[in-house]
Amino acid sequence: MTDTLTKLTNQGLGKTVAVRLGLPRPALLRRYAEGQDLLDGPAAVGSIGDGPVAASATAIIAASGANVVAATADSTYADKLAAVVYDASGARTLDQLEALRATLGPAVKALGKNGRVIVIGTPPAELDDPEAAATQQALEGITRSIGKELRAGGTANLLWVAGEAQGDSAVLAAPLRFFLSSRSAYVSGQPVLVREGEIPDVDDWHHPLAGEVAVITGAARGIGAEIAKVFARAGAKVIVVDIPAAGESLAKVANGIGATALQLDVTAADAGERIAAAVAQVGDRLDVIVHNAGITRDKMFVNTDESRWGSVLDVNLQSQLRMNKVLLDPSVAGGLRDGGRIVSVASISGIGGNRGQSNYAASKAGVIGLVRSLSQELADRRITVNAVAPGFIETEMTAKIPLATREVGRRLNSLLQGGQPVDVGEAIAFFAEPGSAGVTGQVLRVCGQSQLGA
Ligand code: NAD
């Protein structure tokens with residue numbers, strides 16, 4: 001569902017007119033197709049000093065088959081770059097940021113279409129010295145600004161790599177690959193923290209969920225249906241859940257990907273038990289639960305009645321707490337295994353609030369609070385808990401928004417377009433991968449670096 005402006009301004013006469021008039025031209029984003037190479041050109045890797053993470057980054061990219069060239073202040077690039085990775089994790093003084101500017105500038109200039117910029121830093125909270133913390137925090141401002149300046153589908157993201165995880169290429173591989181790949185087409189300007197984790201060997205990066213059992217709620221249509229397709233493509237045995245009234249479309253989604261359909265209202269008191277029972281039918285334990293089911297009942301706060309308030313909080317938040325409680329009980333057959341994954345769908349409304357959505361924003365902000373708290377509680381069981389916060393995604397839900405408001409939501413981001421449901425699916429699958437064991441308690445916006453919800 002590419003929108004009309006993006007289609008028109010990328011071909012024939014429409015393109016010529018748009019260029020002449022200086023109209024915004026949203027790029028056609030490169031998206032993942034089964035078996036696609038990680039990068040479609042060379043990557044440049046540079047660092048401040050020796051850079052404890054640069055060597056791992058180089059090894060990870062080279063292992064994918066891509067060419068890696070050195071990024072230095074003197075480098076010139078013969079070919080367009082597909083990506084630049086800059087390890088600034090060793091920077092401790094503001095002076096050192098000049099080295100970043102001098103090296104990263106020419107490399108960013110040499111980026112081709114859908115180019116990737118990845119800056120690597122040390123979490124400022126780990127540093128006692130104020131100048132060191134300031135230097136590292138500056139990386140966020142730099143990365144977010146580059147994200148806003150890039151055109152032609154380029155993205156810029158920041159990996160905070162905890163000191164204990166620096167130099168561990170196993171823990172870095174899945175996050176680095178996600179942000180380099182076309183799976184992160186609609187993710188820009190975002191920081192993600194990577195810590196230590198127990199990472200199994202990954203033999204097949206195209207099917208990282210092979211053999212895993214995953215439950216996806218709200219999967220009869222929209223984002224949930226697309227999450228289910230991405231999980232099936234990645235090799236998972238999928239159970240799709242939706243309300244009985246959506247049974248027909250749920251069956252269609254399930255049949256299309258060889259999944260099991262479970263008609264269930266997630267607010268039912270026994271929803272957790274019924275999910276666990278369905279899991280026990282297809283496998284041993286549950287590997288991944290994706291809480292995607294969600295509703296909106298928009299009204300200004302002062303006009304929101306008890307029913308609109310309660311139903312949104314119940315479907316979007318309370319149901320997750322209830323189901324998690326059952327699925328996390330080790331004595332429940334078909335419950336979540338140790339080392340498993342919980343991924344919740346939040347929203348940028350839950351970060352920035354939204355006019356007419358106090359109930360929805362409460363529920364989505366609540367999801368973020370839940371994820372942060374539960375990730376700590378479950379660290380001992382190696383269960384990771386993360387959330388994805390979509391921005392404007394082209395779905396039936398957003399197609400109903402009045403045209404003028406819809407155009408604002410769609411264009412007010414660095415990529416000048418709405419995201420596709422698949423973009424949310426890819427981000428959720430990234431959190432679900434075994435290789436993402438070092439990523440927990442994170443909230444990743446899939447919003448094209450939207451100015452809304454900021
Ligand atoms: P959608 O309305 O198209 O799909 C939601 C699905 O959840 C539907 O199939 C619905 O039947 C199901 N569902 C609703 N209540 C349920 C219940 N009680 N039990 C089981 N299933 C239930 O919405 P979407 O746009 O695909 O959104 C999916 C998720 O993404 C939601 O959590 C939504 O809040 C979130 N989100 C969407 C956007 C966007 O732009 N579309 C932006 C931010 C967040």
# chains A, B, ... in the order shown; residues from 1 in each chain; ligands from 1
call {"tool": "residues_near_ligand", "arguments": {"ligand": "ligand 1", "cutoff": "7 Å", "atoms": "only C-alpha atoms and all ligand atoms", "output": "PDB file with N, CA, C and O atoms, in the first residue's frame"}}
result
ATOM      1  N   THR A 217      -1.249 -11.975  19.016  1.00  0.00           N
ATOM      2  CA  THR A 217      -2.651 -11.593  19.250  1.00  0.00           C
ATOM      3  C   THR A 217      -3.061 -10.482  18.283  1.00  0.00           C
ATOM      4  O   THR A 217      -2.216  -9.724  17.805  1.00  0.00           O
ATOM      5  N   GLY A 218      -4.347 -10.401  18.007  1.00  0.00           N
ATOM      6  CA  GLY A 218      -4.870  -9.368  17.100  1.00  0.00           C
ATOM      7  C   GLY A 218      -4.342  -9.555  15.693  1.00  0.00           C
ATOM      8  O   GLY A 218      -3.996  -8.593  15.011  1.00  0.00           O
ATOM      9  N   ALA A 219      -4.300 -10.823  15.233  1.00  0.00           N
ATOM     10  CA  ALA A 219      -3.594 -11.128  13.975  1.00  0.00           C
ATOM     11  C   ALA A 219      -4.520 -11.359  12.788  1.00  0.00           C
ATOM     12  O   ALA A 219      -4.082 -11.828  11.745  1.00  0.00           O
ATOM     13  N   ALA A 220      -5.821 -11.033  12.916  1.00  0.00           N
ATOM     14  CA  ALA A 220      -6.742 -11.271  11.795  1.00  0.00           C
ATOM     15  C   ALA A 220      -6.552 -10.260  10.675  1.00  0.00           C
ATOM     16  O   ALA A 220      -6.969 -10.481   9.549  1.00  0.00           O
ATOM     17  N   ARG A 221      -5.932  -9.129  10.974  1.00  0.00           N
ATOM     18  CA  ARG A 221      -5.744  -8.098   9.939  1.00  0.00           C
ATOM     19  C   ARG A 221      -4.630  -7.141  10.361  1.00  0.00           C
ATOM     20  O   ARG A 221      -4.022  -7.303  11.428  1.00  0.00           O
ATOM     21  N   GLY A 222      -4.375  -6.160   9.506  1.00  0.00           N
ATOM     22  CA  GLY A 222      -3.472  -5.049   9.819  1.00  0.00           C
ATOM     23  C   GLY A 222      -2.084  -5.497  10.240  1.00  0.00           C
ATOM     24  O   GLY A 222      -1.493  -6.429   9.671  1.00  0.00           O
ATOM     25  N   ILE A 223      -1.581  -4.840  11.263  1.00  0.00           N
ATOM     26  CA  ILE A 223      -0.208  -5.077  11.707  1.00  0.00           C
ATOM     27  C   ILE A 223      -0.030  -6.518  12.194  1.00  0.00           C
ATOM     28  O   ILE A 223       0.958  -7.184  11.863  1.00  0.00           O
ATOM     29  N   GLY A 224      -1.018  -7.024  12.955  1.00  0.00           N
ATOM     30  CA  GLY A 224      -0.897  -8.377  13.510  1.00  0.00           C
ATOM     31  C   GLY A 224      -0.764  -9.442  12.432  1.00  0.00           C
ATOM     32  O   GLY A 224       0.049 -10.376  12.555  1.00  0.00           O
ATOM     33  N   VAL A 241      -4.124 -15.265  17.021  1.00  0.00           N
ATOM     34  CA  VAL A 241      -5.265 -15.095  17.931  1.00  0.00           C
ATOM     35  C   VAL A 241      -6.058 -13.862  17.528  1.00  0.00           C
ATOM     36  O   VAL A 241      -5.471 -12.824  17.221  1.00  0.00           O
ATOM     37  N   ASP A 242      -7.385 -13.987  17.518  1.00  0.00           N
ATOM     38  CA  ASP A 242      -8.227 -12.793  17.341  1.00  0.00           C
ATOM     39  C   ASP A 242      -9.633 -13.121  17.848  1.00  0.00           C
ATOM     40  O   ASP A 242      -9.948 -14.293  18.122  1.00  0.00           O
ATOM     41  N   ILE A 243     -10.480 -12.092  17.945  1.00  0.00           N
ATOM     42  CA  ILE A 243     -11.838 -12.293  18.461  1.00  0.00           C
ATOM     43  C   ILE A 243     -12.666 -13.179  17.513  1.00  0.00           C
ATOM     44  O   ILE A 243     -12.416 -13.155  16.304  1.00  0.00           O
ATOM     45  N   ALA A 246     -13.912 -11.943  14.167  1.00  0.00           N
ATOM     46  CA  ALA A 246     -12.940 -11.814  13.066  1.00  0.00           C
ATOM     47  C   ALA A 246     -12.467 -13.189  12.596  1.00  0.00           C
ATOM     48  O   ALA A 246     -11.447 -13.309  11.915  1.00  0.00           O
ATOM     49  N   LEU A 264     -10.247 -16.054  20.154  1.00  0.00           N
ATOM     50  CA  LEU A 264     -10.186 -15.757  21.589  1.00  0.00           C
ATOM     51  C   LEU A 264     -10.178 -14.246  21.817  1.00  0.00           C
ATOM     52  O   LEU A 264      -9.431 -13.515  21.150  1.00  0.00           O
ATOM     53  N   ASP A 265     -10.999 -13.813  22.751  1.00  0.00           N
ATOM     54  CA  ASP A 265     -10.955 -12.409  23.174  1.00  0.00           C
ATOM     55  C   ASP A 265      -9.863 -12.311  24.246  1.00  0.00           C
ATOM     56  O   ASP A 265      -9.946 -13.002  25.270  1.00  0.00           O
ATOM     57  N   VAL A 266      -8.866 -11.471  24.012  1.00  0.00           N
ATOM     58  CA  VAL A 266      -7.737 -11.424  24.965  1.00  0.00           C
ATOM     59  C   VAL A 266      -8.148 -10.898  26.339  1.00  0.00           C
ATOM     60  O   VAL A 266      -7.393 -11.043  27.306  1.00  0.00           O
ATOM     61  N   THR A 267      -9.348 -10.305  26.431  1.00  0.00           N
ATOM     62  CA  THR A 267      -9.779  -9.818  27.743  1.00  0.00           C
ATOM     63  C   THR A 267     -10.497 -10.906  28.556  1.00  0.00           C
ATOM     64  O   THR A 267     -10.857 -10.673  29.711  1.00  0.00           O
ATOM     65  N   ASN A 292      -0.197  -7.825  20.480  1.00  0.00           N
ATOM     66  CA  ASN A 292      -0.472  -6.806  19.451  1.00  0.00           C
ATOM     67  C   ASN A 292      -1.915  -6.309  19.466  1.00  0.00           C
ATOM     68  O   ASN A 292      -2.185  -5.191  19.037  1.00  0.00           O
ATOM     69  N   ALA A 293      -2.855  -7.147  19.944  1.00  0.00           N
ATOM     70  CA  ALA A 293      -4.275  -6.752  19.901  1.00  0.00           C
ATOM     71  C   ALA A 293      -4.451  -5.387  20.550  1.00  0.00           C
ATOM     72  O   ALA A 293      -3.904  -5.124  21.624  1.00  0.00           O
ATOM     73  N   GLY A 294      -5.195  -4.524  19.878  1.00  0.00           N
ATOM     74  CA  GLY A 294      -5.394  -3.191  20.431  1.00  0.00           C
ATOM     75  C   GLY A 294      -6.603  -2.528  19.813  1.00  0.00           C
ATOM     76  O   GLY A 294      -7.003  -2.862  18.695  1.00  0.00           O
ATOM     77  N   ILE A 295      -7.209  -1.609  20.563  1.00  0.00           N
ATOM     78  CA  ILE A 295      -8.353  -0.853  20.042  1.00  0.00           C
ATOM     79  C   ILE A 295      -8.188   0.628  20.378  1.00  0.00           C
ATOM     80  O   ILE A 295      -7.407   0.987  21.274  1.00  0.00           O
ATOM     81  N   THR A 296      -8.926   1.469  19.635  1.00  0.00           N
ATOM     82  CA  THR A 296      -9.011   2.895  19.983  1.00  0.00           C
ATOM     83  C   THR A 296     -10.485   3.240  20.215  1.00  0.00           C
ATOM     84  O   THR A 296     -11.365   2.659  19.564  1.00  0.00           O
ATOM     85  N   VAL A 315      -8.314  -3.969  26.955  1.00  0.00           N
ATOM     86  CA  VAL A 315      -7.785  -4.682  25.778  1.00  0.00           C
ATOM     87  C   VAL A 315      -6.283  -4.421  25.621  1.00  0.00           C
ATOM     88  O   VAL A 315      -5.485  -5.340  25.407  1.00  0.00           O
ATOM     89  N   ASN A 316      -5.890  -3.145  25.734  1.00  0.00           N
ATOM     90  CA  ASN A 316      -4.517  -2.778  25.363  1.00  0.00           C
ATOM     91  C   ASN A 316      -3.488  -3.042  26.450  1.00  0.00           C
ATOM     92  O   ASN A 316      -2.293  -3.131  26.152  1.00  0.00           O
ATOM     93  N   VAL A 345       3.132  -4.341  21.628  1.00  0.00           N
ATOM     94  CA  VAL A 345       2.995  -3.227  20.695  1.00  0.00           C
ATOM     95  C   VAL A 345       2.483  -2.014  21.476  1.00  0.00           C
ATOM     96  O   VAL A 345       1.376  -2.035  22.014  1.00  0.00           O
ATOM     97  N   ALA A 346       3.301  -0.983  21.564  1.00  0.00           N
ATOM     98  CA  ALA A 346       2.906   0.279  22.197  1.00  0.00           C
ATOM     99  C   ALA A 346       2.502   1.241  21.080  1.00  0.00           C
ATOM    100  O   ALA A 346       1.923   0.813  20.070  1.00  0.00           O
ATOM    101  N   SER A 347       2.819   2.494  21.199  1.00  0.00           N
ATOM    102  CA  SER A 347       2.500   3.479  20.163  1.00  0.00           C
ATOM    103  C   SER A 347       3.231   4.770  20.495  1.00  0.00           C
ATOM    104  O   SER A 347       3.504   5.039  21.681  1.00  0.00           O
ATOM    105  N   ILE A 348       3.523   5.585  19.479  1.00  0.00           N
ATOM    106  CA  ILE A 348       4.130   6.891  19.789  1.00  0.00           C
ATOM    107  C   ILE A 348       3.144   7.761  20.578  1.00  0.00           C
ATOM    108  O   ILE A 348       3.557   8.673  21.267  1.00  0.00           O
ATOM    109  N   ALA A 389       7.041   0.771  19.288  1.00  0.00           N
ATOM    110  CA  ALA A 389       6.074   1.883  19.283  1.00  0.00           C
ATOM    111  C   ALA A 389       5.914   2.380  17.849  1.00  0.00           C
ATOM    112  O   ALA A 389       6.740   3.158  17.360  1.00  0.00           O
ATOM    113  N   PRO A 390       4.865   1.893  17.161  1.00  0.00           N
ATOM    114  CA  PRO A 390       4.680   2.352  15.780  1.00  0.00           C
ATOM    115  C   PRO A 390       4.236   3.808  15.729  1.00  0.00           C
ATOM    116  O   PRO A 390       3.565   4.300  16.636  1.00  0.00           O
ATOM    117  N   GLY A 391       4.600   4.464  14.636  1.00  0.00           N
ATOM    118  CA  GLY A 391       4.097   5.813  14.344  1.00  0.00           C
ATOM    119  C   GLY A 391       2.909   5.674  13.412  1.00  0.00           C
ATOM    120  O   GLY A 391       2.009   4.870  13.662  1.00  0.00           O
ATOM    121  N   PHE A 392       2.930   6.413  12.301  1.00  0.00           N
ATOM    122  CA  PHE A 392       1.822   6.324  11.339  1.00  0.00           C
ATOM    123  C   PHE A 392       2.079   5.135  10.418  1.00  0.00           C
ATOM    124  O   PHE A 392       3.014   5.130   9.624  1.00  0.00           O
ATOM    125  N   ILE A 393       1.238   4.112  10.541  1.00  0.00           N
ATOM    126  CA  ILE A 393       1.373   2.909   9.722  1.00  0.00           C
ATOM    127  C   ILE A 393       0.142   2.814   8.816  1.00  0.00           C
ATOM    128  O   ILE A 393      -0.981   3.055   9.270  1.00  0.00           O
ATOM    129  N   GLU A 394       0.352   2.475   7.541  1.00  0.00           N
ATOM    130  CA  GLU A 394      -0.752   2.411   6.577  1.00  0.00           C
ATOM    131  C   GLU A 394      -1.588   1.149   6.839  1.00  0.00           C
ATOM    132  O   GLU A 394      -1.214   0.052   6.416  1.00  0.00           O
ATOM    133  N   THR A 395      -2.678   1.315   7.578  1.00  0.00           N
ATOM    134  CA  THR A 395      -3.591   0.195   7.859  1.00  0.00           C
ATOM    135  C   THR A 395      -5.034   0.680   7.704  1.00  0.00           C
ATOM    136  O   THR A 395      -5.279   1.869   7.493  1.00  0.00           O
ATOM    137  N   GLU A 396      -5.970  -0.256   7.879  1.00  0.00           N
ATOM    138  CA  GLU A 396      -7.393   0.120   7.832  1.00  0.00           C
ATOM    139  C   GLU A 396      -7.698   1.176   8.889  1.00  0.00           C
ATOM    140  O   GLU A 396      -8.520   2.057   8.697  1.00  0.00           O
ATOM    141  N   MET A 397      -6.983   1.044  10.050  1.00  0.00           N
ATOM    142  CA  MET A 397      -7.199   1.983  11.147  1.00  0.00           C
ATOM    143  C   MET A 397      -6.853   3.403  10.690  1.00  0.00           C
ATOM    144  O   MET A 397      -7.636   4.340  10.855  1.00  0.00           O
ATOM    145  N   THR A 398      -5.673   3.585  10.068  1.00  0.00           N
ATOM    146  CA  THR A 398      -5.245   4.932   9.690  1.00  0.00           C
ATOM    147  C   THR A 398      -5.922   5.407   8.397  1.00  0.00           C
ATOM    148  O   THR A 398      -6.012   6.609   8.158  1.00  0.00           O
TER     149      THR A 398
END
call {"tool": "closest_atom_pairs", "arguments": {"of": "region 353-434 of chain A", "to": "region 174-191 of chain A", "cutoff": "10 Å", "atoms": "only C-alpha atoms", "output": "Markdown table"}}
result
| residue | atom | partner | partner_atom | distance |
| --- | --- | --- | --- | --- |
| A:Pro390 | CA | A:Val187 | CA | 9.5 |
| A:Gly391 | CA | A:Tyr186 | CA | 9.6 |
| A:Ile393 | CA | A:Tyr186 | CA | 9.8 |
| A:Asn413 | CA | A:Ser188 | CA | 9.5 |
| A:Ser414 | CA | A:Ser188 | CA | 7.9 |
| A:Leu415 | CA | A:Tyr186 | CA | 7.6 |
| A:Gln417 | CA | A:Tyr186 | CA | 9.2 |
| A:Gly418 | CA | A:Tyr186 | CA | 8.5 |
| A:Gly419 | CA | A:Tyr186 | CA | 6.0 |
| A:Gln420 | CA | A:Tyr186 | CA | 8.1 |
| A:Val422 | CA | A:Arg183 | CA | 8.7 |
| A:Asp423 | CA | A:Tyr186 | CA | 6.2 |
| A:Val424 | CA | A:Tyr186 | CA | 8.4 |
| A:Gly425 | CA | A:Arg183 | CA | 9.0 |
| A:Glu426 | CA | A:Arg183 | CA | 5.6 |
| A:Ala427 | CA | A:Ser184 | CA | 6.8 |
| A:Ala429 | CA | A:Arg183 | CA | 9.5 |
| A:Phe430 | CA | A:Phe178 | CA | 6.7 |
| A:Phe431 | CA | A:Pro175 | CA | 8.8 |
| A:Glu433 | CA | A:Ala174 | CA | 7.7 |
| A:Pro434 | CA | A:Ala174 | CA | 8.5 |
call {"tool": "write_last_selection", "arguments": {"atoms": "all heavy atoms", "output": "short mmCIF file (atom, residue, chain, number, x, y, z; two decimals), in the first residue's frame"}}
result
data_model
loop_
_atom_site.label_atom_id
_atom_site.label_comp_id
_atom_site.auth_asym_id
_atom_site.auth_seq_id
_atom_site.Cartn_x
_atom_site.Cartn_y
_atom_site.Cartn_z
N PRO A 390 4.87 1.89 17.16
CA PRO A 390 4.68 2.35 15.78
C PRO A 390 4.24 3.81 15.73
O PRO A 390 3.57 4.30 16.64
CB PRO A 390 3.56 1.44 15.24
CG PRO A 390 3.43 0.32 16.22
CD PRO A 390 3.87 0.88 17.54
N GLY A 391 4.60 4.46 14.64
CA GLY A 391 4.10 5.81 14.34
C GLY A 391 2.91 5.67 13.41
O GLY A 391 2.01 4.87 13.66
N ILE A 393 1.24 4.11 10.54
CA ILE A 393 1.37 2.91 9.72
C ILE A 393 0.14 2.81 8.82
O ILE A 393 -0.98 3.05 9.27
CB ILE A 393 1.48 1.64 10.62
CG1 ILE A 393 2.62 1.78 11.65
CG2 ILE A 393 1.67 0.38 9.75
CD1 ILE A 393 4.02 1.86 11.09
N ASN A 413 7.56 13.16 9.07
CA ASN A 413 8.65 12.31 9.56
C ASN A 413 9.79 12.37 8.56
O ASN A 413 9.62 12.84 7.43
CB ASN A 413 8.15 10.87 9.77
CG ASN A 413 7.62 10.27 8.48
OD1 ASN A 413 8.38 9.94 7.58
ND2 ASN A 413 6.30 10.12 8.38
N SER A 414 10.95 11.89 8.98
CA SER A 414 12.15 12.06 8.15
C SER A 414 12.06 11.31 6.83
O SER A 414 12.77 11.65 5.88
CB SER A 414 13.38 11.57 8.91
OG SER A 414 13.52 12.31 10.10
N LEU A 415 11.22 10.27 6.74
CA LEU A 415 11.13 9.51 5.49
C LEU A 415 9.95 9.98 4.62
O LEU A 415 9.72 9.45 3.53
CB LEU A 415 11.03 8.01 5.79
CG LEU A 415 12.33 7.45 6.41
CD1 LEU A 415 12.10 6.10 7.07
CD2 LEU A 415 13.42 7.33 5.36
N GLN A 417 6.81 9.64 4.63
CA GLN A 417 5.77 8.68 4.26
C GLN A 417 5.36 7.87 5.49
O GLN A 417 6.07 7.84 6.49
CB GLN A 417 6.28 7.73 3.18
CG GLN A 417 7.49 6.92 3.58
CD GLN A 417 8.16 6.24 2.39
OE1 GLN A 417 7.65 5.28 1.86
NE2 GLN A 417 9.31 6.75 1.99
N GLY A 418 4.19 7.21 5.37
CA GLY A 418 3.76 6.29 6.42
C GLY A 418 4.56 5.00 6.33
O GLY A 418 5.12 4.69 5.28
N GLY A 419 4.58 4.25 7.43
CA GLY A 419 5.24 2.94 7.39
C GLY A 419 4.27 1.88 6.92
O GLY A 419 3.06 2.11 6.83
N GLN A 420 4.77 0.71 6.60
CA GLN A 420 3.94 -0.44 6.22
C GLN A 420 3.84 -1.37 7.44
O GLN A 420 4.77 -1.43 8.25
CB GLN A 420 4.58 -1.19 5.05
CG GLN A 420 4.74 -0.34 3.79
CD GLN A 420 3.41 0.04 3.18
OE1 GLN A 420 2.43 -0.69 3.27
NE2 GLN A 420 3.35 1.21 2.56
N VAL A 422 4.40 -4.36 7.63
CA VAL A 422 5.55 -5.26 7.67
C VAL A 422 6.72 -4.65 8.45
O VAL A 422 7.50 -5.37 9.09
CB VAL A 422 5.97 -5.67 6.23
CG1 VAL A 422 6.60 -4.51 5.49
CG2 VAL A 422 6.92 -6.86 6.26
N ASP A 423 6.83 -3.32 8.44
CA ASP A 423 7.94 -2.67 9.14
C ASP A 423 7.85 -2.93 10.65
O ASP A 423 8.87 -3.08 11.34
CB ASP A 423 7.95 -1.16 8.87
CG ASP A 423 8.12 -0.85 7.38
OD1 ASP A 423 8.84 -1.61 6.71
OD2 ASP A 423 7.52 0.14 6.92
N VAL A 424 6.61 -2.95 11.15
CA VAL A 424 6.41 -3.25 12.59
C VAL A 424 6.73 -4.72 12.83
O VAL A 424 7.40 -5.07 13.82
CB VAL A 424 4.97 -2.91 13.01
CG1 VAL A 424 4.78 -3.17 14.49
CG2 VAL A 424 4.62 -1.46 12.67
N GLY A 425 6.29 -5.58 11.89
CA GLY A 425 6.56 -7.02 12.01
C GLY A 425 8.05 -7.31 12.06
O GLY A 425 8.51 -8.13 12.87
N GLU A 426 8.82 -6.63 11.22
CA GLU A 426 10.27 -6.88 11.19
C GLU A 426 10.93 -6.49 12.52
O GLU A 426 11.80 -7.21 13.02
CB GLU A 426 10.93 -6.07 10.05
CG GLU A 426 10.41 -6.34 8.65
CD GLU A 426 10.88 -7.68 8.05
OE1 GLU A 426 11.48 -8.50 8.78
OE2 GLU A 426 10.63 -7.90 6.85
N ALA A 427 10.49 -5.37 13.09
CA ALA A 427 11.09 -4.90 14.35
C ALA A 427 10.76 -5.88 15.48
O ALA A 427 11.60 -6.18 16.34
CB ALA A 427 10.59 -3.50 14.69
N ALA A 429 10.08 -9.08 15.09
CA ALA A 429 10.84 -10.31 14.85
C ALA A 429 12.30 -10.13 15.30
O ALA A 429 12.92 -11.07 15.79
CB ALA A 429 10.78 -10.69 13.37
N PHE A 430 12.83 -8.93 15.16
CA PHE A 430 14.20 -8.66 15.64
C PHE A 430 14.28 -8.90 17.15
O PHE A 430 15.18 -9.58 17.65
CB PHE A 430 14.62 -7.23 15.26
CG PHE A 430 15.65 -6.62 16.18
CD1 PHE A 430 16.91 -7.20 16.32
CD2 PHE A 430 15.35 -5.48 16.91
CE1 PHE A 430 17.85 -6.65 17.19
CE2 PHE A 430 16.28 -4.93 17.78
CZ PHE A 430 17.53 -5.51 17.92
N PHE A 431 13.32 -8.34 17.91
CA PHE A 431 13.34 -8.55 19.36
C PHE A 431 13.19 -10.04 19.71
O PHE A 431 13.69 -10.51 20.72
CB PHE A 431 12.19 -7.78 20.03
CG PHE A 431 12.46 -6.30 20.21
CD1 PHE A 431 11.49 -5.36 19.87
CD2 PHE A 431 13.65 -5.85 20.73
CE1 PHE A 431 11.72 -4.00 20.04
CE2 PHE A 431 13.89 -4.48 20.92
CZ PHE A 431 12.92 -3.56 20.56
N GLU A 433 14.26 -12.66 17.99
CA GLU A 433 15.38 -13.54 17.58
C GLU A 433 16.19 -14.01 18.77
O GLU A 433 16.45 -13.23 19.69
CB GLU A 433 16.36 -12.74 16.70
CG GLU A 433 15.96 -12.53 15.30
CD GLU A 433 17.02 -11.70 14.56
OE1 GLU A 433 18.22 -11.97 14.69
OE2 GLU A 433 16.60 -10.75 13.87
N PRO A 434 16.68 -15.25 18.72
CA PRO A 434 17.58 -15.72 19.77
C PRO A 434 18.82 -14.82 19.91
O PRO A 434 19.32 -14.60 21.01
CB PRO A 434 18.00 -17.12 19.29
CG PRO A 434 16.87 -17.56 18.40
CD PRO A 434 16.35 -16.32 17.74
#
call {"tool": "select_by_dssp", "arguments": {"residues": "region 375-451 of chain A", "states": "alpha helix (DSSP H)", "output": "NGL selection string"}}
result
:A and (375-377 or 396-399 or 403-411 or 421-432)
call {"tool": "closest_residue", "arguments": {"among": "A:Ala99, A:Leu172, A:Ala134, A:Ala71", "to": "Ser56 (chain A)", "atoms": "only C-alpha atoms"}}
result
A:Leu172
call {"tool": "residues_around", "arguments": {"residues": "Gly112 (chain A)", "least_positions_apart": "5", "cutoff": "7 Å", "atoms": "only C-alpha atoms", "output": "ChimeraX atom specification"}}
result
/A:80-82
call {"tool": "residues_around", "arguments": {"residues": "Asn324 (chain A)", "least_positions_apart": "5", "cutoff": "9 Å", "atoms": "only C-alpha atoms", "output": "list of chain:residue names"}}
result
A:Gly272, A:Ile289, A:Ser319, A:Asp329, A:Leu336, A:Ile342
call {"tool": "write_last_selection", "arguments": {"atoms": "N, CA and C atoms", "output": "PDB file, in the first residue's frame"}}
result
ATOM      1  N   GLY A 272      -5.086 -16.490  29.102  1.00  0.00           N
ATOM      2  CA  GLY A 272      -3.736 -17.049  29.277  1.00  0.00           C
ATOM      3  C   GLY A 272      -3.771 -18.566  29.229  1.00  0.00           C
ATOM      4  N   ILE A 289       5.720 -14.556  22.865  1.00  0.00           N
ATOM      5  CA  ILE A 289       4.349 -14.029  22.854  1.00  0.00           C
ATOM      6  C   ILE A 289       4.406 -12.577  22.367  1.00  0.00           C
ATOM      7  N   SER A 319      -5.150  -6.829  29.812  1.00  0.00           N
ATOM      8  CA  SER A 319      -5.161  -8.195  29.286  1.00  0.00           C
ATOM      9  C   SER A 319      -3.730  -8.751  29.217  1.00  0.00           C
ATOM     10  N   ASP A 329       3.997 -18.583  34.558  1.00  0.00           N
ATOM     11  CA  ASP A 329       3.985 -19.565  35.650  1.00  0.00           C
ATOM     12  C   ASP A 329       4.660 -20.855  35.145  1.00  0.00           C
ATOM     13  N   LEU A 336       5.522 -19.806  28.867  1.00  0.00           N
ATOM     14  CA  LEU A 336       6.736 -19.254  28.242  1.00  0.00           C
ATOM     15  C   LEU A 336       7.983 -19.894  28.853  1.00  0.00           C
ATOM     16  N   ILE A 342       8.999 -11.760  25.274  1.00  0.00           N
ATOM     17  CA  ILE A 342       7.708 -11.060  25.293  1.00  0.00           C
ATOM     18  C   ILE A 342       7.904  -9.768  24.497  1.00  0.00           C
TER      19      ILE A 342
END
call {"tool": "atom_distance", "arguments": {"atom1": "CA of Pro208 (chain A)", "atom2": "CA of Ala271 (chain A)"}}
result
27.8 Å
call {"tool": "select_by_dssp", "arguments": {"residues": "region 33-130 of chain A", "states": "strand (DSSP E or B)", "output": "count of residues only"}}
result
26
call {"tool": "closest_residue", "arguments": {"among": "A:Thr122, A:Gln263, A:Gln451, A:Thr155", "to": "Arg30 (chain A)", "atoms": "only C-alpha atoms"}}
result
A:Thr155
call {"tool": "atom_distance", "arguments": {"atom1": "CA of Arg341 (chain A)", "atom2": "CA of Gly197 (chain A)"}}
result
13.2 Å
call {"tool": "closest_residue", "arguments": {"among": "A:Pro330, A:Gly350, A:Gly49, A:Gly153", "to": "Leu416 (chain A)", "atoms": "only C-alpha atoms"}}
result
A:Gly153
call {"tool": "atom_distance", "arguments": {"atom1": "CA of Leu286 (chain A)", "atom2": "CA of Val439 (chain A)"}}
result
19.2 Å
call {"tool": "residues_around", "arguments": {"residues": "region 361-377 of chain A", "least_positions_apart": "4", "cutoff": "8 Å", "atoms": "only C-alpha atoms", "output": "list in words"}}
result
Val312, Leu313, Asn316, Leu317, Ser344, Val345, Ala346, Ser347, Ser349, Gly350, Ile351, Gly353, Asn354, Gln357, Ile383, Thr384, Val385, Asn386, Ala387, Thr440, Gly441, Gln442 and Val443 of chain A
call {"tool": "residues_around", "arguments": {"residues": "Asp298 (chain A)", "least_positions_apart": "5", "cutoff": "9 Å", "atoms": "only C-alpha atoms", "output": "VMD selection string"}}
result
chain A and resid 304 308 355 to 360
